[in-house]
file work28.cif (mmCIF, C-alpha atoms and all ligand atoms)
data_final
loop_
_atom_site.group_PDB
_atom_site.id
_atom_site.type_symbol
_atom_site.label_atom_id
_atom_site.label_comp_id
_atom_site.auth_asym_id
_atom_site.auth_seq_id
_atom_site.Cartn_x
_atom_site.Cartn_y
_atom_site.Cartn_z
ATOM 1 C CA MET A 1 -0.791 -32.840 -16.709
ATOM 2 C CA ASN A 2 -2.607 -30.425 -14.449
ATOM 3 C CA GLU A 3 -6.256 -29.669 -14.720
ATOM 4 C CA ALA A 4 -8.089 -26.431 -14.208
ATOM 5 C CA LYS A 5 -10.387 -27.673 -11.420
ATOM 6 C CA PRO A 6 -9.305 -26.996 -7.826
ATOM 7 C CA LYS A 7 -7.888 -30.089 -6.228
ATOM 8 C CA ARG A 8 -6.440 -31.091 -2.921
ATOM 9 C CA ASP A 9 -3.571 -33.303 -3.932
ATOM 10 C CA PRO A 10 -0.439 -31.162 -3.882
ATOM 11 C CA GLN A 11 1.613 -33.915 -5.508
ATOM 12 C CA ARG A 12 -0.636 -33.896 -8.562
ATOM 13 C CA LEU A 13 -0.560 -30.129 -8.677
ATOM 14 C CA ASN A 14 3.187 -30.009 -8.494
ATOM 15 C CA ARG A 15 4.474 -32.424 -11.053
ATOM 16 C CA ARG A 16 8.226 -32.266 -10.991
ATOM 17 C CA PRO A 17 10.396 -31.508 -13.964
ATOM 18 C CA THR A 18 11.270 -34.720 -15.801
ATOM 19 C CA GLU A 19 14.854 -35.154 -14.574
ATOM 20 C CA ASP A 20 15.594 -36.065 -10.950
ATOM 21 C CA VAL A 21 16.346 -32.758 -9.285
ATOM 22 C CA GLY A 22 16.100 -33.681 -5.613
ATOM 23 C CA PRO A 23 13.800 -32.174 -2.981
ATOM 24 C CA PRO A 24 12.103 -28.840 -3.661
ATOM 25 C CA VAL A 25 14.051 -25.665 -2.907
ATOM 26 C CA VAL A 26 10.738 -23.952 -2.136
ATOM 27 C CA GLN A 27 7.760 -25.932 -0.897
ATOM 28 C CA ILE A 28 4.427 -24.226 -0.229
ATOM 29 C CA ARG A 29 1.645 -26.189 1.390
ATOM 30 C CA ASP A 30 -2.022 -25.401 2.081
ATOM 31 C CA LEU A 31 -1.436 -21.676 2.064
ATOM 32 C CA LEU A 32 -4.184 -19.348 3.243
ATOM 33 C CA THR A 33 -3.649 -15.600 2.870
ATOM 34 C CA ARG A 34 -6.225 -13.136 4.092
ATOM 35 C CA PHE A 35 -6.389 -9.368 4.313
ATOM 36 C CA GLY A 36 -9.382 -8.564 6.501
ATOM 37 C CA ARG A 37 -12.254 -10.430 4.895
ATOM 38 C CA THR A 38 -10.539 -10.763 1.550
ATOM 39 C CA VAL A 39 -9.075 -14.196 0.939
ATOM 40 C CA VAL A 40 -6.212 -13.934 -1.553
ATOM 41 C CA HIS A 41 -4.817 -17.504 -1.428
ATOM 42 C CA GLN A 42 -6.611 -20.653 -0.325
ATOM 43 C CA ASP A 43 -5.302 -24.228 -0.462
ATOM 44 C CA LEU A 44 -2.352 -22.994 -2.483
ATOM 45 C CA ASN A 45 0.416 -25.544 -3.088
ATOM 46 C CA LEU A 46 3.600 -25.122 -5.071
ATOM 47 C CA ASP A 47 7.002 -26.810 -5.328
ATOM 48 C CA ILE A 48 10.020 -25.147 -6.931
ATOM 49 C CA TYR A 49 13.006 -27.325 -7.810
ATOM 50 C CA SER A 50 16.712 -26.719 -7.859
ATOM 51 C CA GLY A 51 18.039 -25.189 -11.068
ATOM 52 C CA GLU A 52 14.720 -24.299 -12.655
ATOM 53 C CA ILE A 53 13.285 -20.909 -13.593
ATOM 54 C CA LEU A 54 9.752 -20.989 -12.260
ATOM 55 C CA SER A 55 7.545 -18.127 -13.390
ATOM 56 C CA ILE A 56 4.384 -17.128 -11.564
ATOM 57 C CA VAL A 57 1.627 -15.589 -13.656
ATOM 58 C CA GLY A 58 -1.932 -14.583 -12.866
ATOM 59 C CA GLY A 59 -4.407 -11.762 -13.257
ATOM 60 C CA SER A 60 -4.041 -8.476 -11.407
ATOM 61 C CA GLY A 61 -4.617 -8.891 -7.672
ATOM 62 C CA THR A 62 -4.313 -12.694 -7.661
ATOM 63 C CA GLY A 63 -1.539 -12.453 -5.081
ATOM 64 C CA LYS A 64 1.664 -13.005 -7.049
ATOM 65 C CA THR A 65 3.640 -10.316 -5.257
ATOM 66 C CA VAL A 66 2.269 -11.358 -1.877
ATOM 67 C CA LEU A 67 3.321 -14.945 -2.627
ATOM 68 C CA LEU A 68 6.830 -13.791 -3.523
ATOM 69 C CA ARG A 69 6.984 -11.746 -0.310
ATOM 70 C CA GLN A 70 5.868 -14.791 1.675
ATOM 71 C CA MET A 71 8.691 -16.848 0.141
ATOM 72 C CA LEU A 72 11.068 -14.122 1.316
ATOM 73 C CA GLY A 73 9.575 -14.128 4.816
ATOM 74 C CA LEU A 74 8.506 -10.487 4.407
ATOM 75 C CA GLU A 75 4.854 -11.435 4.938
ATOM 76 C CA HIS A 76 3.251 -14.297 6.809
ATOM 77 C CA PRO A 77 0.243 -16.323 5.675
ATOM 78 C CA ALA A 78 -2.782 -16.884 7.902
ATOM 79 C CA ARG A 79 -2.231 -20.631 7.580
ATOM 80 C CA GLY A 80 0.017 -23.101 5.791
ATOM 81 C CA THR A 81 3.746 -23.520 5.439
ATOM 82 C CA VAL A 82 6.400 -22.009 3.208
ATOM 83 C CA ARG A 83 9.649 -23.986 3.299
ATOM 84 C CA VAL A 84 12.779 -22.633 1.679
ATOM 85 C CA PHE A 85 15.749 -25.023 1.609
ATOM 86 C CA GLY A 86 13.741 -27.170 4.036
ATOM 87 C CA GLU A 87 13.273 -24.428 6.655
ATOM 88 C CA ASP A 88 9.750 -23.317 7.494
ATOM 89 C CA ILE A 89 10.117 -19.576 7.105
ATOM 90 C CA THR A 90 6.618 -18.902 8.419
ATOM 91 C CA ALA A 91 7.974 -20.028 11.805
ATOM 92 C CA ALA A 92 11.423 -18.415 11.554
ATOM 93 C CA GLY A 93 12.479 -15.505 13.747
ATOM 94 C CA GLU A 94 14.021 -12.290 12.381
ATOM 95 C CA ASP A 95 17.617 -13.403 13.077
ATOM 96 C CA GLN A 96 17.084 -16.721 11.315
ATOM 97 C CA LEU A 97 15.393 -14.973 8.391
ATOM 98 C CA ARG A 98 18.254 -12.514 8.047
ATOM 99 C CA HIS A 99 20.700 -15.418 7.948
ATOM 100 C CA MET A 100 18.567 -17.308 5.407
ATOM 101 C CA ARG A 101 18.199 -14.257 3.163
ATOM 102 C CA ASN A 102 21.978 -14.256 2.713
ATOM 103 C CA HIS A 103 21.429 -17.301 0.482
ATOM 104 C CA TRP A 104 18.821 -15.560 -1.666
ATOM 105 C CA GLY A 105 19.010 -12.668 -4.075
ATOM 106 C CA MET A 106 16.099 -10.380 -4.840
ATOM 107 C CA LEU A 107 15.508 -8.040 -7.730
ATOM 108 C CA PHE A 108 12.441 -5.907 -7.166
ATOM 109 C CA GLN A 109 10.673 -3.883 -9.787
ATOM 110 C CA HIS A 110 10.658 -0.723 -7.691
ATOM 111 C CA GLY A 111 13.248 0.645 -5.307
ATOM 112 C CA ALA A 112 15.934 -1.342 -7.090
ATOM 113 C CA LEU A 113 18.833 0.844 -5.923
ATOM 114 C CA TYR A 114 19.405 3.283 -3.065
ATOM 115 C CA SER A 115 19.458 6.667 -4.770
ATOM 116 C CA ALA A 116 21.876 8.207 -2.245
ATOM 117 C CA LEU A 117 24.532 5.519 -2.759
ATOM 118 C CA THR A 118 26.879 5.033 -5.703
ATOM 119 C CA VAL A 119 26.625 1.921 -7.857
ATOM 120 C CA PHE A 120 29.651 0.516 -6.008
ATOM 121 C CA GLU A 121 28.131 1.151 -2.566
ATOM 122 C CA ASN A 122 24.777 -0.277 -3.620
ATOM 123 C CA ILE A 123 26.381 -3.551 -4.707
ATOM 124 C CA ALA A 124 28.690 -3.607 -1.679
ATOM 125 C CA LEU A 125 25.831 -3.109 0.778
ATOM 126 C CA PRO A 126 24.832 -6.773 1.331
ATOM 127 C CA MET A 127 28.522 -7.650 1.811
ATOM 128 C CA ARG A 128 29.058 -4.811 4.287
ATOM 129 C CA GLU A 129 25.999 -5.927 6.247
ATOM 130 C CA LEU A 130 27.755 -9.241 6.932
ATOM 131 C CA ARG A 131 30.382 -7.216 8.871
ATOM 132 C CA ALA A 132 32.924 -9.938 8.195
ATOM 133 C CA LEU A 133 34.588 -9.134 4.894
ATOM 134 C CA PRO A 134 37.727 -7.018 4.545
ATOM 135 C CA GLU A 135 37.467 -3.968 2.286
ATOM 136 C CA GLU A 136 39.759 -5.358 -0.431
ATOM 137 C CA VAL A 137 37.628 -8.523 -0.686
ATOM 138 C CA ILE A 138 34.482 -6.407 -0.996
ATOM 139 C CA ARG A 139 36.107 -4.220 -3.653
ATOM 140 C CA ALA A 140 37.206 -7.188 -5.752
ATOM 141 C CA ALA A 141 33.812 -8.879 -5.367
ATOM 142 C CA VAL A 142 31.868 -5.735 -6.383
ATOM 143 C CA LEU A 143 33.982 -5.297 -9.507
ATOM 144 C CA LEU A 144 33.534 -8.974 -10.355
ATOM 145 C CA LYS A 145 29.743 -8.733 -9.990
ATOM 146 C CA MET A 146 29.736 -5.612 -12.150
ATOM 147 C CA GLU A 147 31.675 -7.476 -14.818
ATOM 148 C CA MET A 148 29.290 -10.433 -14.581
ATOM 149 C CA VAL A 149 26.304 -8.217 -15.379
ATOM 150 C CA GLY A 150 28.117 -6.296 -18.124
ATOM 151 C CA LEU A 151 28.684 -3.050 -16.203
ATOM 152 C CA GLY A 152 32.150 -1.589 -16.743
ATOM 153 C CA ALA A 153 34.205 -0.468 -13.731
ATOM 154 C CA GLU A 154 33.928 3.129 -14.976
ATOM 155 C CA HIS A 155 30.321 3.125 -13.717
ATOM 156 C CA ALA A 156 31.280 2.179 -10.140
ATOM 157 C CA ASN A 157 31.260 5.714 -8.765
ATOM 158 C CA LYS A 158 28.150 6.890 -10.594
ATOM 159 C CA MET A 159 24.905 7.639 -8.798
ATOM 160 C CA PRO A 160 21.793 5.679 -9.859
ATOM 161 C CA SER A 161 20.323 8.891 -11.330
ATOM 162 C CA ASP A 162 23.239 8.943 -13.824
ATOM 163 C CA LEU A 163 22.382 5.477 -15.175
ATOM 164 C CA SER A 164 19.991 4.386 -17.919
ATOM 165 C CA GLY A 165 17.073 2.075 -17.063
ATOM 166 C CA GLY A 166 18.945 -0.942 -18.409
ATOM 167 C CA MET A 167 22.057 -0.121 -16.390
ATOM 168 C CA ILE A 168 20.005 0.316 -13.203
ATOM 169 C CA LYS A 169 18.569 -3.182 -13.711
ATOM 170 C CA ARG A 170 22.077 -4.577 -14.234
ATOM 171 C CA ALA A 171 23.392 -2.847 -11.115
ATOM 172 C CA ALA A 172 20.401 -4.119 -9.114
ATOM 173 C CA LEU A 173 21.056 -7.622 -10.434
ATOM 174 C CA ALA A 174 24.720 -7.315 -9.423
ATOM 175 C CA ARG A 175 23.568 -6.398 -5.912
ATOM 176 C CA ALA A 176 21.131 -9.335 -5.862
ATOM 177 C CA LEU A 177 24.086 -11.600 -6.746
ATOM 178 C CA ALA A 178 26.433 -9.973 -4.216
ATOM 179 C CA LEU A 179 26.352 -12.827 -1.701
ATOM 180 C CA GLU A 180 26.419 -15.547 -4.356
ATOM 181 C CA PRO A 181 22.862 -16.741 -3.785
ATOM 182 C CA GLN A 182 21.587 -20.148 -4.801
ATOM 183 C CA LEU A 183 18.074 -18.768 -5.171
ATOM 184 C CA LEU A 184 17.132 -15.605 -7.043
ATOM 185 C CA PHE A 185 13.740 -13.855 -6.884
ATOM 186 C CA LEU A 186 12.830 -11.565 -9.774
ATOM 187 C CA ASP A 187 9.755 -9.324 -9.662
ATOM 188 C CA GLU A 188 8.940 -8.050 -13.170
ATOM 189 C CA PRO A 189 12.620 -8.041 -14.197
ATOM 190 C CA THR A 190 12.065 -6.460 -17.626
ATOM 191 C CA ALA A 191 9.319 -3.975 -16.709
ATOM 192 C CA GLY A 192 10.111 -0.488 -17.963
ATOM 193 C CA LEU A 193 12.773 -1.633 -20.440
ATOM 194 C CA ASP A 194 12.353 -1.108 -24.175
ATOM 195 C CA PRO A 195 12.274 -4.324 -26.280
ATOM 196 C CA ASP A 196 16.021 -4.324 -27.109
ATOM 197 C CA LEU A 197 17.094 -3.708 -23.517
ATOM 198 C CA SER A 198 14.556 -6.261 -22.375
ATOM 199 C CA ASP A 199 15.998 -8.876 -24.760
ATOM 200 C CA SER A 200 19.555 -8.252 -23.615
ATOM 201 C CA PHE A 201 18.517 -8.409 -19.945
ATOM 202 C CA VAL A 202 16.746 -11.729 -20.606
ATOM 203 C CA GLU A 203 19.944 -13.030 -22.252
ATOM 204 C CA LEU A 204 21.935 -11.913 -19.218
ATOM 205 C CA ILE A 205 19.601 -13.775 -16.855
ATOM 206 C CA GLN A 206 19.823 -16.879 -19.086
ATOM 207 C CA THR A 207 23.623 -16.768 -19.004
ATOM 208 C CA LEU A 208 23.862 -16.193 -15.263
ATOM 209 C CA HIS A 209 21.257 -18.864 -14.555
ATOM 210 C CA ALA A 210 23.311 -21.408 -16.520
ATOM 211 C CA GLU A 211 26.718 -20.320 -15.220
ATOM 212 C CA LEU A 212 25.781 -19.925 -11.563
ATOM 213 C CA LYS A 213 23.349 -22.874 -11.487
ATOM 214 C CA LEU A 214 20.727 -20.642 -9.900
ATOM 215 C CA THR A 215 17.172 -21.495 -9.012
ATOM 216 C CA VAL A 216 15.042 -18.551 -10.136
ATOM 217 C CA VAL A 217 11.525 -17.592 -9.053
ATOM 218 C CA MET A 218 10.065 -14.879 -11.246
ATOM 219 C CA VAL A 219 6.852 -12.887 -11.451
ATOM 220 C CA THR A 220 6.261 -11.339 -14.857
ATOM 221 C CA HIS A 221 3.448 -10.099 -17.076
ATOM 222 C CA ASP A 222 5.740 -9.938 -20.064
ATOM 223 C CA LEU A 223 5.079 -12.894 -22.337
ATOM 224 C CA ASP A 224 8.369 -12.632 -24.231
ATOM 225 C CA THR A 225 10.314 -12.710 -20.958
ATOM 226 C CA LEU A 226 8.104 -15.503 -19.674
ATOM 227 C CA PHE A 227 8.544 -17.746 -22.705
ATOM 228 C CA ALA A 228 12.237 -17.008 -23.121
ATOM 229 C CA LEU A 229 13.195 -17.818 -19.532
ATOM 230 C CA SER A 230 10.739 -20.181 -17.859
ATOM 231 C CA SER A 231 11.471 -23.861 -17.247
ATOM 232 C CA ARG A 232 7.977 -24.073 -15.774
ATOM 233 C CA ILE A 233 5.076 -21.707 -15.279
ATOM 234 C CA ALA A 234 2.724 -21.630 -12.281
ATOM 235 C CA VAL A 235 -0.648 -20.022 -12.962
ATOM 236 C CA LEU A 236 -2.469 -18.343 -10.087
ATOM 237 C CA ALA A 237 -6.242 -18.099 -10.406
ATOM 238 C CA ASP A 238 -9.250 -18.854 -8.211
ATOM 239 C CA LYS A 239 -6.988 -18.257 -5.160
ATOM 240 C CA HIS A 240 -4.581 -21.102 -5.871
ATOM 241 C CA VAL A 241 -2.220 -22.618 -8.430
ATOM 242 C CA ILE A 242 -4.522 -23.940 -11.152
ATOM 243 C CA ALA A 243 -1.714 -25.217 -13.380
ATOM 244 C CA VAL A 244 2.018 -25.686 -13.189
ATOM 245 C CA GLY A 245 4.359 -27.138 -15.751
ATOM 246 C CA PRO A 246 6.266 -26.385 -18.932
ATOM 247 C CA VAL A 247 4.539 -23.828 -21.121
ATOM 248 C CA CYS A 248 3.300 -26.467 -23.610
ATOM 249 C CA ASP A 249 1.504 -28.328 -20.794
ATOM 250 C CA VAL A 250 0.040 -25.191 -19.216
ATOM 251 C CA LEU A 251 -1.387 -24.096 -22.573
ATOM 252 C CA LYS A 252 -3.486 -27.262 -22.709
ATOM 253 C CA VAL A 253 -5.269 -26.452 -19.443
ATOM 254 C CA ASP A 254 -8.821 -25.370 -20.053
ATOM 255 C CA HIS A 255 -9.237 -22.247 -17.924
ATOM 256 C CA PRO A 256 -10.490 -18.791 -18.968
ATOM 257 C CA PHE A 257 -7.397 -16.991 -17.633
ATOM 258 C CA ILE A 258 -5.042 -19.278 -19.534
ATOM 259 C CA LYS A 259 -7.007 -18.807 -22.760
ATOM 260 C CA GLN A 260 -7.111 -15.042 -22.384
ATOM 261 C CA PHE A 261 -3.497 -14.596 -21.207
ATOM 262 C CA PHE A 262 -1.625 -17.032 -23.428
ATOM 263 C CA LEU A 263 -3.845 -17.438 -26.438
ATOM 264 C CA GLY A 264 -4.853 -13.827 -27.115
ATOM 265 C CA PRO A 265 -3.046 -11.858 -29.873
ATOM 266 C CA ARG A 266 -0.033 -10.969 -27.649
ATOM 267 C CA GLY A 267 0.309 -14.522 -26.411
ATOM 268 C CA ARG A 268 0.158 -15.948 -29.922
ATOM 269 C CA ARG A 269 2.824 -13.520 -31.127
ATOM 270 C CA ALA A 270 5.125 -14.403 -28.221
ATOM 271 C CA LEU A 271 4.525 -18.108 -28.833
ATOM 272 C CA GLU A 272 5.432 -17.723 -32.496
ATOM 273 C CA VAL A 273 8.705 -16.069 -31.470
ATOM 274 C CA LEU A 274 9.360 -18.929 -29.039
ATOM 275 C CA GLU A 275 8.604 -21.570 -31.672
ATOM 276 C CA GLN A 276 10.860 -19.843 -34.228
ATOM 277 C CA ARG A 277 13.661 -19.663 -31.651
ATOM 278 C CA GLN A 278 13.234 -23.357 -30.776
ATOM 279 C CA ALA A 279 13.200 -24.312 -34.464
ATOM 280 C CA GLY A 280 16.417 -22.297 -34.945
ATOM 281 C CA GLN A 281 18.052 -24.073 -31.996
ATOM 282 C CA GLU A 282 16.999 -27.464 -33.375
ATOM 283 C CA SER A 283 18.481 -26.736 -36.793
ATOM 284 C CA GLU A 284 21.770 -25.595 -35.198
ATOM 285 C CA LYS A 285 22.174 -28.985 -33.459
HETATM 286 N N1 LIG B 1 -0.730 -5.236 2.995
HETATM 287 C C1 LIG B 1 -1.911 -5.426 2.402
HETATM 288 N N2 LIG B 1 -3.059 -5.070 3.005
HETATM 289 C C2 LIG B 1 -4.259 -5.293 2.412
HETATM 290 N N3 LIG B 1 -4.416 -5.871 1.218
HETATM 291 C C3 LIG B 1 -3.310 -6.243 0.573
HETATM 292 C C4 LIG B 1 -2.008 -6.040 1.117
HETATM 293 N N4 LIG B 1 -1.072 -6.535 0.249
HETATM 294 C C5 LIG B 1 -1.788 -6.999 -0.804
HETATM 295 N N5 LIG B 1 -3.112 -6.830 -0.610
HETATM 296 C C6 LIG B 1 -4.168 -7.260 -1.528
HETATM 297 O O1 LIG B 1 -3.909 -8.613 -1.898
HETATM 298 C C7 LIG B 1 -4.259 -8.834 -3.259
HETATM 299 C C8 LIG B 1 -3.073 -9.425 -3.985
HETATM 300 O O2 LIG B 1 -2.059 -8.432 -4.125
HETATM 301 P P1 LIG B 1 -0.750 -8.636 -4.989
HETATM 302 O O3 LIG B 1 -0.032 -7.339 -5.021
HETATM 303 O O4 LIG B 1 0.005 -9.821 -4.502
HETATM 304 O O5 LIG B 1 -1.365 -8.964 -6.417
HETATM 305 P P2 LIG B 1 -0.610 -9.244 -7.773
HETATM 306 O O6 LIG B 1 -1.083 -10.547 -8.289
HETATM 307 O O7 LIG B 1 0.876 -9.113 -7.583
HETATM 308 O O8 LIG B 1 -1.190 -8.072 -8.666
HETATM 309 P P3 LIG B 1 -0.546 -7.211 -9.860
HETATM 310 O O9 LIG B 1 -0.363 -8.171 -11.004
HETATM 311 O O10 LIG B 1 -1.596 -6.208 -10.163
HETATM 312 O O11 LIG B 1 0.742 -6.629 -9.377
HETATM 313 C C9 LIG B 1 -4.718 -7.491 -3.800
HETATM 314 O O12 LIG B 1 -6.135 -7.469 -3.768
HETATM 315 C C10 LIG B 1 -4.137 -6.489 -2.840
HETATM 316 O O13 LIG B 1 -4.958 -5.350 -2.772
#
call {"tool": "encode", "arguments": {"input": "work28.cif", "output": "structure tokens"}}
result
Amino acid sequence: MNEAKPKRDPQRLNRRPTEDVGPPVVQIRDLLTRFGRTVVHQDLNLDIYSGEILSIVGGSGTGKTVLLRQMLGLEHPARGTVRVFGEDITAAGEDQLRHMRNHWGMLFQHGALYSALTVFENIALPMRELRALPEEVIRAAVLLKMEMVGLGAEHANKMPSDLSGGMIKRAALARALALEPQLLFLDEPTAGLDPDLSDSFVELIQTLHAELKLTVVMVTHDLDTLFALSSRIAVLADKHVIAVGPVCDVLKVDHPFIKQFFLGPRGRRALEVLEQRQAGQESEK
């Protein structure tokens, strides 16, 4: 069980999921992130294991997006290491990073699709950038990805501006899955979707996570999404990870952010939904 007080022992901070899941897919050690005089992360440690959905939560400006960008090698910390699949990406060159990114998928909240490209071309883009795949392979793969995310082939030649918000998310997810990544990064995946679309997108992520055996790293403010998807939650506060674990463990940590975020009216409502869903699953067994 993690405690709220800052501590130096990364192993205690990063208790693994109960089953043996091998070495971490992402391992962050002693991270220091600074912008000018502002320190965003200090002594931040985090391990993310194969096959889990790890959600990062924290107050506004606590450095969730920056942390995600550091895992992608898009930003570099002032100190510390970020290893992805064992490679220290803080020390990797651009060529190596480009190669490594072929094993990751990313779904960003903004700029999800290129507005000047059709849905087909958007999803094909990562495959074309490899410059190694014949056109018929790309075509078949794009249509397969579209099917996987529930987008019919009739949408292939549409422009993003012709799609609904939910369809844009699905197309962006298809593009994130284009190169069959083992690791998927999601930044606010359900932001901007109404509750029904949000629920169906969460179900889609659940299905793909199970079928493709993905490891997922997600940043979200949405408690329903968080509770529905997360294997574990990492809470960012006081410049580092103050708690990480399954939601039931994190809720026991005595920290003002955790109380306010999870145990306010919205948090309680989302927890009730989670408990009802779990009770339903138990009675189905
Ligand atoms: N390129 C940059 N230059 C200067 N400051 C930056 C830069 N990028 C991020 N910051 C600062 O770092 C802090 C963390 O930013 P970040 O966007 O990661 O927060 P966040 O936790 O994702 O917040 P939110 O939940 O509001 O999206 C903020 O104070 C932000 O202003």
call {"tool": "closest_residue", "arguments": {"input": "work28.cif", "among": "A:Leu271, A:Val149, A:Leu236, A:Leu208", "to": "ligand LIG 1 (chain B)", "atoms": "all atoms listed in the file"}}
result
A:Leu236
call {"tool": "closest_residue", "arguments": {"input": "work28.cif", "among": "A:His221, A:Arg175, A:Lys213, A:Arg266", "to": "ligand LIG 1 (chain B)", "atoms": "all atoms listed in the file"}}
result
A:His221
call {"tool": "atom_distance", "arguments": {"input": "work28.cif", "atom1": "CA of His155 (chain A)", "atom2": "CA of Val119 (chain A)"}}
result
7.0 Å
call {"tool": "closest_residue", "arguments": {"input": "work28.cif", "among": "A:Thr65, A:Thr207, A:Thr215, A:Gln96", "to": "Val26 (chain A)", "atoms": "only C-alpha atoms"}}
result
A:Thr215
call {"tool": "atom_distance", "arguments": {"input": "work28.cif", "atom1": "CA of Ile89 (chain A)", "atom2": "CA of Leu226 (chain A)"}}
result
27.2 Å
call {"tool": "resolve_selection", "arguments": {"input": "work28.cif", "expression": "the PyMOL selection byres (((chain A and resi 188) around 9) and not hetatm)", "output": "VMD selection string"}}
result
chain A and resid 107 to 109 186 to 187 189 to 191 218 to 222
call {"tool": "closest_residue", "arguments": {"input": "work28.cif", "among": "A:Leu212, A:Ala92, A:Leu46, A:Val66", "to": "ligand LIG 1 (chain B)", "atoms": "all atoms listed in the file"}}
result
A:Val66
call {"tool": "residues_near_point", "arguments": {"input": "work28.cif", "point": "(-4.9, -20.6, -7.5)", "cutoff": "8 Å", "atoms": "all atoms listed in the file", "output": "VMD selection string"}}
result
chain A and resid 6 41 to 44 62 235 to 242
call {"tool": "decode", "arguments": {"input": "work28.cif", "residues": "region 112-160 of chain A", "atoms": "C-alpha atoms", "output": "tab-separated table (two decimals), in the first residue's frame"}}
result
chain	number	residue	atom	x	y	z
A	112	ALA	CA	-6.21	13.75	-33.72
A	113	LEU	CA	-6.46	13.66	-37.52
A	114	TYR	CA	-4.91	15.62	-40.38
A	115	SER	CA	-7.79	17.70	-41.71
A	116	ALA	CA	-6.48	17.73	-45.30
A	117	LEU	CA	-6.31	13.92	-45.54
A	118	THR	CA	-9.16	11.44	-45.90
A	119	VAL	CA	-9.85	8.92	-43.15
A	120	PHE	CA	-8.10	6.27	-45.26
A	121	GLU	CA	-4.99	8.42	-45.78
A	122	ASN	CA	-4.86	9.39	-42.11
A	123	ILE	CA	-4.82	5.74	-41.04
A	124	ALA	CA	-2.41	4.78	-43.83
A	125	LEU	CA	0.07	7.51	-42.92
A	126	PRO	CA	2.16	5.62	-40.31
A	127	MET	CA	2.36	2.65	-42.71
A	128	ARG	CA	3.41	4.85	-45.63
A	129	GLU	CA	6.11	6.45	-43.48
A	130	LEU	CA	7.75	3.02	-43.14
A	131	ARG	CA	8.30	3.15	-46.95
A	132	ALA	CA	8.36	-0.64	-47.02
A	133	LEU	CA	4.79	-1.81	-47.48
A	134	PRO	CA	3.16	-2.41	-50.86
A	135	GLU	CA	-0.05	-0.48	-51.55
A	136	GLU	CA	-2.32	-3.54	-51.45
A	137	VAL	CA	-0.98	-4.48	-47.99
A	138	ILE	CA	-1.60	-0.93	-46.76
A	139	ARG	CA	-5.12	-0.95	-48.21
A	140	ALA	CA	-6.04	-4.24	-46.56
A	141	ALA	CA	-4.49	-3.16	-43.24
A	142	VAL	CA	-6.34	0.20	-43.22
A	143	LEU	CA	-9.68	-1.49	-43.86
A	144	LEU	CA	-8.94	-4.04	-41.13
A	145	LYS	CA	-8.11	-1.29	-38.62
A	146	MET	CA	-11.29	0.55	-39.58
A	147	GLU	CA	-13.28	-2.61	-38.96
A	148	MET	CA	-11.54	-3.14	-35.62
A	149	VAL	CA	-12.66	0.28	-34.38
A	150	GLY	CA	-16.18	-0.07	-35.78
A	151	LEU	CA	-15.80	2.29	-38.75
A	152	GLY	CA	-17.40	0.96	-41.93
A	153	ALA	CA	-15.43	1.02	-45.19
A	154	GLU	CA	-17.92	3.56	-46.56
A	155	HIS	CA	-16.22	6.19	-44.37
A	156	ALA	CA	-12.75	5.58	-45.87
A	157	ASN	CA	-12.88	8.43	-48.37
A	158	LYS	CA	-14.52	10.97	-46.07
A	159	MET	CA	-12.67	14.01	-44.77
A	160	PRO	CA	-12.38	14.43	-40.98
